$ cat final_19.cif   # mmCIF, C-alpha atoms and all ligand atoms
data_protein
loop_
_atom_site.label_atom_id
_atom_site.label_comp_id
_atom_site.auth_asym_id
_atom_site.auth_seq_id
_atom_site.Cartn_x
_atom_site.Cartn_y
_atom_site.Cartn_z
CA MET A 1 124.68 -32.73 37.58
CA THR A 2 120.96 -33.27 38.04
CA ALA A 3 118.23 -31.45 36.18
CA ARG A 4 117.21 -29.85 39.46
CA GLU A 5 120.61 -28.31 39.93
CA ALA A 6 120.62 -27.21 36.32
CA ARG A 7 117.77 -24.69 36.52
CA PRO A 8 118.10 -21.88 33.97
CA GLU A 9 120.06 -19.02 35.37
CA PRO A 10 119.73 -15.72 33.56
CA ALA A 11 123.10 -14.26 32.78
CA ASP A 12 121.62 -11.08 34.18
CA ALA A 13 120.65 -12.53 37.52
CA ARG A 14 118.42 -9.73 38.80
CA PRO A 15 115.08 -11.26 39.84
CA GLY A 16 112.47 -10.64 37.21
CA ALA A 17 114.92 -9.06 34.78
CA SER A 18 115.24 -12.16 32.62
CA GLN A 19 111.82 -12.53 31.02
CA GLY A 20 111.67 -11.17 27.52
CA ALA A 21 115.16 -9.76 27.73
CA ALA A 22 117.08 -10.38 24.52
CA GLY A 23 120.37 -11.57 25.96
CA ALA A 24 122.27 -14.62 27.11
CA VAL A 25 120.77 -17.14 29.49
CA ALA A 26 122.95 -20.00 30.70
CA VAL A 27 121.80 -23.52 31.64
CA ASP A 28 123.48 -26.81 32.35
CA VAL A 29 121.78 -30.03 31.20
CA GLY A 30 124.40 -32.34 32.68
CA ASP A 31 124.36 -35.74 30.98
CA LEU A 32 120.77 -35.54 29.76
CA ALA A 33 120.04 -36.30 26.12
CA ILE A 34 117.53 -34.31 24.03
CA GLY A 35 115.04 -37.17 24.34
CA GLY A 36 115.98 -37.85 27.96
CA GLY A 37 114.88 -34.69 29.75
CA ALA A 38 117.30 -32.00 28.50
CA LEU A 39 114.41 -30.20 26.77
CA ALA A 40 112.69 -29.63 30.12
CA ILE A 41 115.64 -27.38 30.94
CA LEU A 42 116.39 -25.96 27.49
CA ARG A 43 112.85 -24.98 26.44
CA PRO A 44 112.02 -22.89 29.54
CA ALA A 45 115.40 -21.18 29.13
CA LEU A 46 114.51 -20.26 25.55
CA ASP A 47 111.22 -18.82 26.88
CA LEU A 48 113.27 -16.33 28.90
CA VAL A 49 114.72 -14.63 25.82
CA THR A 50 113.09 -12.84 22.91
CA GLU A 51 113.74 -13.70 19.28
CA GLY A 52 117.48 -13.74 18.56
CA GLY A 53 118.38 -14.00 22.25
CA VAL A 54 121.01 -16.65 23.00
CA VAL A 55 120.88 -19.53 25.46
CA THR A 56 124.15 -21.27 26.30
CA VAL A 57 123.78 -24.93 27.23
CA ALA A 58 126.55 -26.74 29.07
CA SER A 59 126.44 -30.52 28.52
CA VAL A 60 128.56 -33.64 29.03
CA SER A 61 126.25 -35.79 26.90
CA PRO A 62 127.53 -36.97 23.48
CA ALA A 63 123.92 -37.80 22.56
CA PHE A 64 122.84 -34.21 23.29
CA ALA A 65 125.69 -32.93 21.09
CA GLU A 66 124.52 -35.21 18.29
CA ASP A 67 120.87 -34.15 18.39
CA VAL A 68 120.78 -30.51 19.43
CA ALA A 69 121.40 -28.98 15.99
CA SER A 70 118.62 -30.98 14.30
CA TRP A 71 116.23 -30.24 17.18
CA CYS A 72 116.95 -26.51 16.70
CA ARG A 73 116.17 -26.77 12.97
CA ALA A 74 112.90 -28.58 13.68
CA GLU A 75 111.84 -25.95 16.24
CA ARG A 76 113.07 -22.99 14.12
CA HIS A 77 115.72 -21.97 16.63
CA VAL A 78 119.24 -21.28 15.35
CA TYR A 79 122.12 -23.53 16.45
CA LEU A 80 125.26 -21.39 16.72
CA GLY A 81 127.77 -24.16 17.46
CA ALA A 82 129.69 -25.32 20.51
CA GLU A 83 132.98 -24.85 22.23
CA ARG A 84 134.72 -27.08 24.73
CA LEU A 85 135.50 -25.91 28.25
CA PRO A 86 138.76 -26.90 30.02
CA ASP A 87 136.70 -29.18 32.32
CA GLY A 88 135.57 -31.21 29.34
CA ARG A 89 132.00 -29.93 29.11
CA ALA A 90 130.68 -28.71 25.78
CA VAL A 91 128.91 -25.36 25.72
CA HIS A 92 126.33 -25.15 22.93
CA ARG A 93 124.84 -21.84 21.84
CA VAL A 94 121.24 -21.63 20.70
CA ALA A 95 119.54 -18.46 19.40
CA ARG A 96 115.82 -18.26 19.95
CA GLY A 97 113.71 -18.59 16.79
CA PRO A 98 110.93 -16.27 15.61
CA HIS A 99 107.90 -18.39 16.47
CA GLY A 100 107.77 -17.75 20.17
CA ALA A 101 104.58 -17.24 22.09
CA ALA A 102 103.44 -13.64 22.59
CA PRO A 103 102.01 -12.28 25.83
CA ALA A 104 98.22 -12.62 26.01
CA GLY A 105 96.43 -9.33 26.02
CA GLY A 106 98.70 -7.28 23.78
CA ALA A 107 102.31 -6.24 23.77
CA SER A 108 102.32 -5.08 27.37
CA GLY A 109 100.40 -8.10 28.55
CA GLY A 110 103.43 -9.75 30.07
CA GLY A 111 104.15 -6.84 32.38
CA GLY A 112 104.64 -7.72 35.96
CA ALA A 113 105.73 -11.29 35.23
CA GLY A 114 108.20 -12.44 37.83
CA LEU A 115 107.45 -9.53 40.18
CA ALA A 116 106.35 -10.43 43.66
CA LEU A 117 103.04 -8.57 43.89
CA ARG A 118 102.09 -9.49 47.42
CA ARG A 119 101.95 -6.55 49.77
CA PRO A 120 104.23 -6.54 52.81
CA ASP A 121 101.16 -6.79 55.07
CA GLY A 122 100.26 -10.13 53.47
CA THR A 123 97.25 -8.88 51.48
CA PHE A 124 97.12 -9.51 47.75
CA LEU A 125 94.48 -7.66 45.80
CA ALA A 126 93.16 -8.04 42.29
CA ALA A 127 93.81 -4.30 41.97
CA ASP A 128 97.54 -4.98 42.50
CA VAL A 129 97.51 -7.54 39.69
CA LEU A 130 95.69 -5.18 37.35
CA ALA A 131 98.14 -2.38 38.12
CA ALA A 132 101.06 -4.68 37.22
CA VAL A 133 99.41 -6.33 34.21
CA PRO A 134 97.09 -3.68 32.77
CA PHE A 135 94.16 -4.24 30.45
CA PRO A 136 95.20 -4.19 26.78
CA ALA A 137 93.58 -1.48 24.64
CA HIS A 138 92.30 -4.19 22.29
CA ALA A 139 92.12 -7.93 22.75
CA ASP A 140 92.62 -10.64 20.15
CA PRO A 141 89.90 -13.32 20.04
CA ALA A 142 92.60 -15.87 19.17
CA THR A 143 94.14 -15.65 22.65
CA GLY A 144 90.98 -17.32 24.00
CA PHE A 145 91.00 -18.06 27.70
CA ALA A 146 94.77 -17.46 28.01
CA PRO A 147 95.20 -15.50 31.24
CA ARG A 148 96.38 -11.94 30.63
CA GLY A 149 100.18 -11.94 30.97
CA ALA A 150 100.67 -15.57 29.90
CA ARG A 151 102.70 -16.18 26.73
CA VAL A 152 100.41 -17.52 24.06
CA GLU A 153 101.45 -19.95 21.39
CA PRO A 154 100.27 -18.51 18.07
CA GLY A 155 97.74 -20.27 15.86
CA GLY A 156 94.98 -20.77 18.41
CA PRO A 157 91.35 -20.70 17.21
CA PRO A 158 89.43 -17.40 17.44
CA TYR A 159 86.90 -17.34 20.29
CA PRO A 160 83.32 -16.14 19.79
CA VAL A 161 83.75 -13.01 21.94
CA ASP A 162 82.91 -9.54 20.64
CA LEU A 163 83.55 -7.20 23.59
CA LEU A 164 87.19 -6.54 22.72
CA ASP A 165 87.93 -2.90 23.52
CA ARG A 166 89.12 -1.66 26.89
CA ASP A 167 87.65 1.78 26.43
CA ARG A 168 84.20 0.34 25.82
CA LEU A 169 84.03 -1.96 28.80
CA ALA A 170 86.83 -1.92 31.33
CA PRO A 171 87.19 1.19 33.52
CA PRO A 172 90.37 1.23 35.62
CA GLU A 173 88.35 0.99 38.88
CA THR A 174 87.16 -2.51 37.93
CA ALA A 175 89.60 -4.55 40.03
CA ARG A 176 89.26 -2.29 43.06
CA LEU A 177 85.46 -2.67 42.91
CA TYR A 178 85.90 -6.44 42.58
CA ASP A 179 88.11 -6.51 45.71
CA GLN A 180 85.50 -4.48 47.61
CA ALA A 181 82.65 -6.68 46.38
CA VAL A 182 84.38 -9.89 47.43
CA ALA A 183 85.12 -8.48 50.88
CA ALA A 184 81.48 -7.38 51.33
CA GLN A 185 79.79 -10.72 50.62
CA TRP A 186 77.20 -11.78 53.19
CA ASP A 187 75.14 -14.84 53.89
CA ALA A 188 71.39 -14.75 53.27
CA THR A 189 70.80 -17.32 56.01
CA ARG A 190 73.33 -16.47 58.72
CA ASP A 191 73.53 -12.69 58.40
CA VAL A 192 69.82 -11.88 58.51
CA PRO A 193 68.12 -12.08 61.94
CA TRP A 194 65.25 -14.24 60.70
CA ASP A 195 64.12 -14.69 64.30
CA LYS A 196 63.28 -10.97 64.26
CA VAL A 197 60.50 -11.31 61.69
CA ALA A 198 57.45 -9.72 63.33
CA THR A 199 53.88 -10.93 63.18
CA LEU A 200 52.16 -8.09 61.33
CA PRO A 201 48.56 -6.91 60.87
CA VAL A 202 47.08 -8.50 57.74
CA ALA A 203 47.11 -5.32 55.58
CA LEU A 204 50.75 -4.62 56.41
CA GLU A 205 51.80 -8.24 55.88
CA ARG A 206 50.13 -8.22 52.45
CA ALA A 207 51.74 -4.89 51.54
CA LEU A 208 55.14 -6.22 52.53
CA GLY A 209 54.58 -9.37 50.45
CA GLN A 210 53.72 -7.19 47.46
CA VAL A 211 56.81 -5.02 47.91
CA MET A 212 59.05 -8.09 48.24
CA THR A 213 57.45 -9.67 45.14
CA PHE A 214 58.17 -6.50 43.16
CA LEU A 215 61.74 -6.31 44.46
CA ALA A 216 62.41 -9.98 43.67
CA GLU A 217 60.99 -9.66 40.15
CA ASN A 218 63.30 -6.74 39.42
CA GLU A 219 66.26 -8.51 41.06
CA LEU A 220 65.72 -11.46 38.75
CA SER A 221 66.19 -9.12 35.80
CA ALA A 222 69.37 -7.77 37.41
CA LEU A 223 70.63 -11.37 37.52
CA TRP A 224 69.71 -12.21 33.92
CA VAL A 225 70.70 -9.00 32.13
CA PRO A 226 74.42 -8.79 33.03
CA ALA A 227 74.71 -12.59 32.73
CA LYS A 228 73.98 -12.43 29.01
CA PHE A 229 77.00 -10.19 28.41
CA LEU A 230 79.45 -12.27 30.40
CA PRO A 231 80.20 -14.84 27.66
CA ARG A 232 80.73 -12.01 25.16
CA LEU A 233 83.57 -10.43 27.20
CA HIS A 234 87.11 -11.10 26.06
CA PRO A 235 88.96 -12.97 28.85
CA ALA A 236 91.77 -10.37 28.72
CA TYR A 237 89.28 -8.25 30.72
CA ALA A 238 88.77 -11.03 33.24
CA GLU A 239 88.34 -8.59 36.14
CA VAL A 240 85.21 -7.21 34.47
CA ALA A 241 83.82 -10.75 34.25
CA MET A 242 84.90 -11.46 37.84
CA LEU A 243 83.15 -8.31 39.05
CA LEU A 244 80.03 -9.25 37.09
CA ALA A 245 80.17 -12.75 38.58
CA VAL A 246 80.21 -11.34 42.13
CA THR A 247 77.42 -8.95 41.12
CA LEU A 248 75.39 -11.94 39.92
CA ALA A 249 75.99 -13.63 43.29
CA ASP A 250 74.71 -10.42 44.94
CA GLU A 251 71.56 -10.46 42.80
CA ALA A 252 70.98 -14.14 43.52
CA ARG A 253 71.15 -13.34 47.24
CA HIS A 254 68.73 -10.44 46.80
CA VAL A 255 66.20 -12.65 45.04
CA ASP A 256 66.68 -15.16 47.83
CA VAL A 257 66.18 -12.78 50.78
CA PHE A 258 63.27 -10.85 49.26
CA LEU A 259 61.35 -14.03 48.50
CA LYS A 260 62.18 -15.43 51.93
CA ARG A 261 60.90 -12.25 53.57
CA ALA A 262 57.67 -12.41 51.56
CA ARG A 263 57.13 -15.92 52.90
CA ALA A 264 58.61 -15.60 56.39
CA GLY A 265 55.50 -14.06 57.92
CA GLY A 266 53.05 -16.28 56.08
CA GLY A 267 51.72 -13.54 53.78
CA GLY A 268 53.25 -14.94 50.61
CA LEU A 269 53.73 -13.26 47.25
CA GLY A 270 51.74 -10.47 45.61
CA VAL A 271 51.05 -9.51 42.00
CA SER A 272 53.42 -9.30 39.04
CA HIS A 273 52.29 -6.44 36.77
CA VAL A 274 52.40 -6.09 32.99
CA THR A 275 54.15 -2.72 33.41
CA THR A 276 56.97 -4.45 35.29
CA SER A 277 57.11 -7.32 32.81
CA ARG A 278 57.26 -4.96 29.83
CA SER A 279 59.90 -2.81 31.48
CA LEU A 280 62.14 -5.76 32.36
CA LEU A 281 61.78 -7.36 28.94
CA SER A 282 62.98 -4.12 27.36
CA LEU A 283 66.08 -4.39 29.59
CA LEU A 284 66.66 -8.03 28.75
CA GLN A 285 66.50 -7.24 25.04
CA GLN A 286 69.40 -4.79 25.15
CA GLU A 287 72.25 -6.05 22.98
CA ASP A 288 74.80 -3.29 23.61
CA PHE A 289 76.79 -3.72 26.81
CA THR A 290 77.18 -0.02 27.57
CA GLU A 291 73.51 0.76 26.85
CA ALA A 292 72.47 -2.16 29.05
CA MET A 293 74.78 -1.08 31.90
CA PHE A 294 73.43 2.44 31.61
CA LEU A 295 69.77 1.43 31.69
CA LEU A 296 70.21 -1.25 34.34
CA SER A 297 72.87 0.07 36.68
CA VAL A 298 72.81 3.86 36.36
CA LEU A 299 69.09 4.47 35.84
CA GLY A 300 67.47 1.28 37.20
CA GLU A 301 69.64 0.28 40.16
CA GLY A 302 70.28 3.95 40.88
CA THR A 303 66.54 4.48 41.28
CA PHE A 304 66.34 1.27 43.31
CA LEU A 305 68.78 2.74 45.85
CA ASP A 306 66.09 5.26 46.79
CA LEU A 307 63.40 2.59 46.79
CA LEU A 308 65.43 0.30 49.05
CA ARG A 309 66.19 3.19 51.39
CA PHE A 310 62.43 3.85 51.61
CA VAL A 311 61.65 0.20 52.40
CA GLU A 312 64.49 0.06 54.93
CA VAL A 313 63.32 3.23 56.72
CA HIS A 314 59.72 1.98 56.83
CA ALA A 315 60.56 -1.69 57.50
CA PRO A 316 58.10 -3.19 59.97
CA ASP A 317 60.70 -5.35 61.71
CA GLU A 318 64.43 -5.79 62.23
CA ALA A 319 64.80 -8.72 59.83
CA THR A 320 63.36 -6.64 56.98
CA SER A 321 65.42 -3.56 57.71
CA VAL A 322 68.65 -5.62 57.93
CA LEU A 323 68.15 -7.55 54.71
CA VAL A 324 67.04 -4.50 52.73
CA GLY A 325 69.95 -2.46 54.12
CA LYS A 326 72.43 -5.17 53.09
CA ALA A 327 70.92 -5.37 49.60
CA ARG A 328 71.13 -1.58 49.31
CA ALA A 329 74.85 -1.63 50.17
CA ASP A 330 75.39 -4.18 47.36
CA GLU A 331 73.35 -2.06 44.96
CA ALA A 332 75.46 0.98 45.75
CA ARG A 333 78.47 -0.96 44.35
CA HIS A 334 76.51 -1.98 41.25
CA VAL A 335 75.57 1.65 40.65
CA HIS A 336 79.18 2.68 41.24
CA PHE A 337 80.41 0.27 38.56
CA GLY A 338 77.64 1.37 36.17
CA LEU A 339 78.67 5.00 36.63
CA ALA A 340 82.38 4.18 36.23
CA HIS A 341 81.62 2.17 33.10
CA VAL A 342 79.48 4.87 31.49
CA ARG A 343 81.85 7.71 32.43
CA HIS A 344 84.79 5.75 31.03
CA ALA A 345 82.95 4.90 27.80
CA LEU A 346 81.67 8.47 27.38
CA ALA A 347 85.18 9.86 27.79
CA HIS A 348 86.35 7.74 24.85
CA ASP A 349 83.31 8.10 22.60
CA PRO A 350 81.50 11.46 22.47
CA ALA A 351 78.84 9.98 20.15
CA LEU A 352 77.77 7.73 23.01
CA TYR A 353 75.61 10.50 24.56
CA ASP A 354 73.23 10.30 21.63
CA ARG A 355 73.15 6.51 21.61
CA LEU A 356 72.30 6.36 25.31
CA GLU A 357 69.57 8.95 24.95
CA ALA A 358 68.18 7.02 21.97
CA ALA A 359 68.19 3.83 24.08
CA VAL A 360 66.21 5.55 26.85
CA ARG A 361 63.74 6.97 24.31
CA ARG A 362 63.25 3.59 22.62
CA ARG A 363 62.58 2.02 25.98
CA ALA A 364 60.14 4.77 26.98
CA ALA A 365 58.25 4.19 23.70
CA THR A 366 57.68 0.53 24.62
CA MET A 367 56.25 1.60 27.99
CA GLY A 368 53.57 3.92 26.58
CA ASP A 369 51.84 5.97 29.27
CA ALA A 370 52.17 3.35 32.01
CA GLY A 371 52.61 4.58 35.60
CA VAL A 372 54.06 2.95 38.69
CA PRO A 373 52.35 -0.48 38.96
CA ALA A 374 49.15 0.04 41.01
CA SER A 375 49.70 -2.61 43.68
CA VAL A 376 53.25 -1.42 44.17
CA GLN A 377 52.09 2.17 44.79
CA ASP A 378 49.48 0.92 47.25
CA ALA A 379 51.84 -1.45 49.02
CA LEU A 380 54.55 1.20 49.47
CA THR A 381 51.91 3.60 50.81
CA VAL A 382 50.61 1.06 53.34
CA LEU A 383 54.18 0.11 54.28
CA ALA A 384 55.02 3.76 55.02
CA ALA A 385 51.70 4.08 56.91
CA HIS A 386 52.54 0.95 58.93
CA GLY A 387 49.00 -0.24 58.23
CA ASP A 388 45.72 0.83 56.63
CA GLU A 389 44.36 3.23 59.23
CA PRO A 390 43.18 6.27 57.14
CA ALA A 391 45.09 9.00 58.99
CA ALA A 392 48.28 6.98 58.77
CA VAL A 393 47.64 6.22 55.08
CA ARG A 394 47.48 9.97 54.40
CA THR A 395 51.05 10.19 55.79
CA GLY A 396 52.09 7.06 53.88
CA HIS A 397 50.72 8.53 50.67
CA ALA A 398 52.72 11.73 51.19
CA ALA A 399 55.84 9.67 51.90
CA PHE A 400 55.34 7.79 48.63
CA ARG A 401 54.97 11.07 46.66
CA GLU A 402 58.17 12.29 48.31
CA LEU A 403 59.91 9.08 47.30
CA LEU A 404 59.06 9.70 43.63
CA GLU A 405 60.46 13.22 43.87
CA GLU A 406 63.58 12.00 45.60
CA MET A 407 64.10 9.36 42.92
CA GLY A 408 63.87 11.98 40.15
CA HIS A 409 66.19 14.36 41.95
CA ASN A 410 68.84 11.68 42.60
CA ARG A 411 68.57 10.30 39.05
CA VAL A 412 69.45 13.71 37.65
CA ARG A 413 72.36 13.99 40.11
CA ARG A 414 73.67 10.56 39.08
CA LEU A 415 73.35 11.32 35.37
CA VAL A 416 75.33 14.51 35.84
CA ALA A 417 77.95 12.45 37.70
CA ALA A 418 78.04 10.09 34.70
CA GLY A 419 78.96 12.99 32.44
CA PHE A 420 75.64 14.37 31.13
CA THR A 421 74.67 18.04 31.13
CA VAL A 422 71.88 19.06 33.52
CA THR A 423 69.46 19.48 30.61
CA GLN A 424 70.30 16.06 29.19
CA ALA A 425 70.07 14.56 32.67
CA ARG A 426 66.58 16.00 33.24
CA THR A 427 65.37 14.74 29.86
CA LEU A 428 66.71 11.24 30.46
CA SER A 429 65.38 11.12 34.01
CA ASP A 430 61.87 12.08 32.89
CA LEU A 431 61.92 9.34 30.24
CA HIS A 432 62.98 6.66 32.72
CA THR A 433 60.62 3.71 33.18
CA PRO A 434 57.79 4.14 35.74
CA ASN A 435 58.72 0.65 36.92
CA PHE A 436 61.84 2.19 38.59
CA MET A 437 64.10 -0.60 37.11
FE FE A 501 70.08 -6.48 43.51
FE FE A 502 72.15 -4.81 41.44
#
$ encode --input "final_19.cif" --output "structure tokens"
Amino acid sequence: MTAREARPEPADARPGASQGAAGAVAVDVGDLAIGGGALAILRPALDLVTEGGVVTVASVSPAFAEDVASWCRAERHVYLGAERLPDGRAVHRVARGPHGAAPAGGASGGGGAGLALRRPDGTFLAADVLAAVPFPAHADPATGFAPRGARVEPGGPPYPVDLLDRDRLAPPETARLYDQAVAAQWDATRDVPWDKVATLPVALERALGQVMTFLAENELSALWVPAKFLPRLHPAYAEVAMLLAVTLADEARHVDVFLKRARAGGGGLGVSHVTTSRSLLSLLQQEDFTEAMFLLSVLGEGTFLDLLRFVEVHAPDEATSVLVGKARADEARHVHFGLAHVRHALAHDPALYDRLEAAVRRRAATMGDAGVPASVQDALTVLAAHGDEPAAVRTGHAAFRELLEEMGHNRVRRLVAAGFTVTQARTLSDLHTPNFM
């Protein structure tokens, strides 16, 4: 009999029922010796049973019979002896030893192994995988990059990761948001009608360049800030890292399209303000993942949703309105994940309210009495006025004041959705950076 014909066959032959089941598994190694390939059949069979589970091995090889007991001793399995079948084959019995690999990601980490997770319609979502192989409550740094659900040989080196707790970082919506994010990717070159960039009056072109400069500067921070937490995540929460990776691709695309739009009409870039620089540095210096997600995604990107809506509504041409609208749709997902993350963390740690408020207060203290960066105010006003004609600028100015009100109103609404009381939400909203992000 060949090795191919001698695949392990669980005694309990239900598909998927064999893994981890303490019970008999039968294999046939034919005439293979221990050193001649028999282990390629025997070892996987032993992986199918838990400690103490028995594998029966049919063999016609005298060499196998000679070596199997000593191999078992060396590998800490227990050789239980052999009996001879009427057809002349020997059937050896081996009980699995105690040193077997454990599932990565905790005791339930092996769940779903052997199940066919594909949907009947042919789709196969990360959310399906997460449902079958859930996040562990805590992750062990010694399982390293072992994929969740794999069996991990013990004794591996601890990895330098410190985000280890599900309830601090991995809301259950993570995989679903990842699936949505992947499906919503767009191309900064192909999917923006760059041929629809209009030739604008000088004042409007300069205002647009300033707005795009401001947007790109903030988008750069949205690329750098989550990136610094990615290597600290335990790989058992891979879907969080995968979602962050797609988010980083989104932010890269936003930087790309905003800078392209600033340059597409020949106006070029505007000013980068100290207020913006100070605000973004205070984001970059966050060391706590939840505090950073709160400041960046709930408060910052949340406020940016209103800003992007404003720029989209007042866009001077189709190219601008399309690219800003696409960026806004991406940002809505980032805000959604930020809210899910904060709600999830708050539900598991009531003391988090105070820490988040302290983080907002600390950040406000670094900003002093700064207001919205001057050129940004002016540029948004001129953008809404569609130029610098005084009567139109009066309307643009009113639109800008309305934008600030709208931002405050929606921030409070979002904070309440994240789990804060209305009073807490108002306090936090008022302390939020005048830089919007
Ligand atoms: Fe962005
Ligand atoms: Fe974002």
$ residues_near_ligand --input "final_19.cif" --ligand "ligand FE 501 (chain A)" --cutoff "9 Å" --atoms "only C-alpha atoms and all ligand atoms" --output "PDB file with C-alpha atoms, keeping the file's coordinate frame"
ATOM      1  CA  LEU A 215      61.740  -6.310  44.460  1.00  0.00           C
ATOM      2  CA  ALA A 216      62.410  -9.980  43.670  1.00  0.00           C
ATOM      3  CA  ASN A 218      63.300  -6.740  39.420  1.00  0.00           C
ATOM      4  CA  GLU A 219      66.260  -8.510  41.060  1.00  0.00           C
ATOM      5  CA  LEU A 220      65.720 -11.460  38.750  1.00  0.00           C
ATOM      6  CA  ALA A 222      69.370  -7.770  37.410  1.00  0.00           C
ATOM      7  CA  LEU A 223      70.630 -11.370  37.520  1.00  0.00           C
ATOM      8  CA  THR A 247      77.420  -8.950  41.120  1.00  0.00           C
ATOM      9  CA  LEU A 248      75.390 -11.940  39.920  1.00  0.00           C
ATOM     10  CA  ASP A 250      74.710 -10.420  44.940  1.00  0.00           C
ATOM     11  CA  GLU A 251      71.560 -10.460  42.800  1.00  0.00           C
ATOM     12  CA  ALA A 252      70.980 -14.140  43.520  1.00  0.00           C
ATOM     13  CA  ARG A 253      71.150 -13.340  47.240  1.00  0.00           C
ATOM     14  CA  HIS A 254      68.730 -10.440  46.800  1.00  0.00           C
ATOM     15  CA  VAL A 255      66.200 -12.650  45.040  1.00  0.00           C
ATOM     16  CA  GLU A 301      69.640   0.280  40.160  1.00  0.00           C
ATOM     17  CA  PHE A 304      66.340   1.270  43.310  1.00  0.00           C
ATOM     18  CA  ALA A 327      70.920  -5.370  49.600  1.00  0.00           C
ATOM     19  CA  ARG A 328      71.130  -1.580  49.310  1.00  0.00           C
ATOM     20  CA  ASP A 330      75.390  -4.180  47.360  1.00  0.00           C
ATOM     21  CA  GLU A 331      73.350  -2.060  44.960  1.00  0.00           C
ATOM     22  CA  HIS A 334      76.510  -1.980  41.250  1.00  0.00           C
TER      23      HIS A 334
END
$ closest_residue --input "final_19.cif" --among "A:Gly81, A:Pro158, A:Pro193, A:Pro226" --to "ligand FE 502 (chain A)" --atoms "all atoms listed in the file"
A:Pro226
$ closest_residue --input "final_19.cif" --among "A:Pro98, A:Gly302, A:Pro160, A:Pro390" --to "ligand FE 502 (chain A)" --atoms "all atoms listed in the file"
A:Gly302
$ closest_residue --input "final_19.cif" --among "A:Leu339, A:Leu48, A:Ala146, A:Ala170" --to "Met293 (chain A)" --atoms "only C-alpha atoms"
A:Leu339
$ closest_residue --input "final_19.cif" --among "A:Ile34, A:Leu164, A:Leu299, A:Ala358" --to "ligand FE 502 (chain A)" --atoms "all atoms listed in the file"
A:Leu299
$ closest_residue --input "final_19.cif" --among "A:Arg363, A:His336, A:His397, A:Arg414" --to "ligand FE 502 (chain A)" --atoms "only C-alpha atoms and all ligand atoms"
A:His336
$ atom_distance --input "final_19.cif" --atom1 "CA of Leu283 (chain A)" --atom2 "CA of His432 (chain A)"
11.9 Å
$ closest_residue --input "final_19.cif" --among "A:Val211, A:Ala329, A:Ala69, A:Ala392" --to "Asp378 (chain A)" --atoms "all atoms listed in the file"
A:Val211
$ atom_distance --input "final_19.cif" --atom1 "CA of Arg119 (chain A)" --atom2 "CA of His234 (chain A)"
28.3 Å
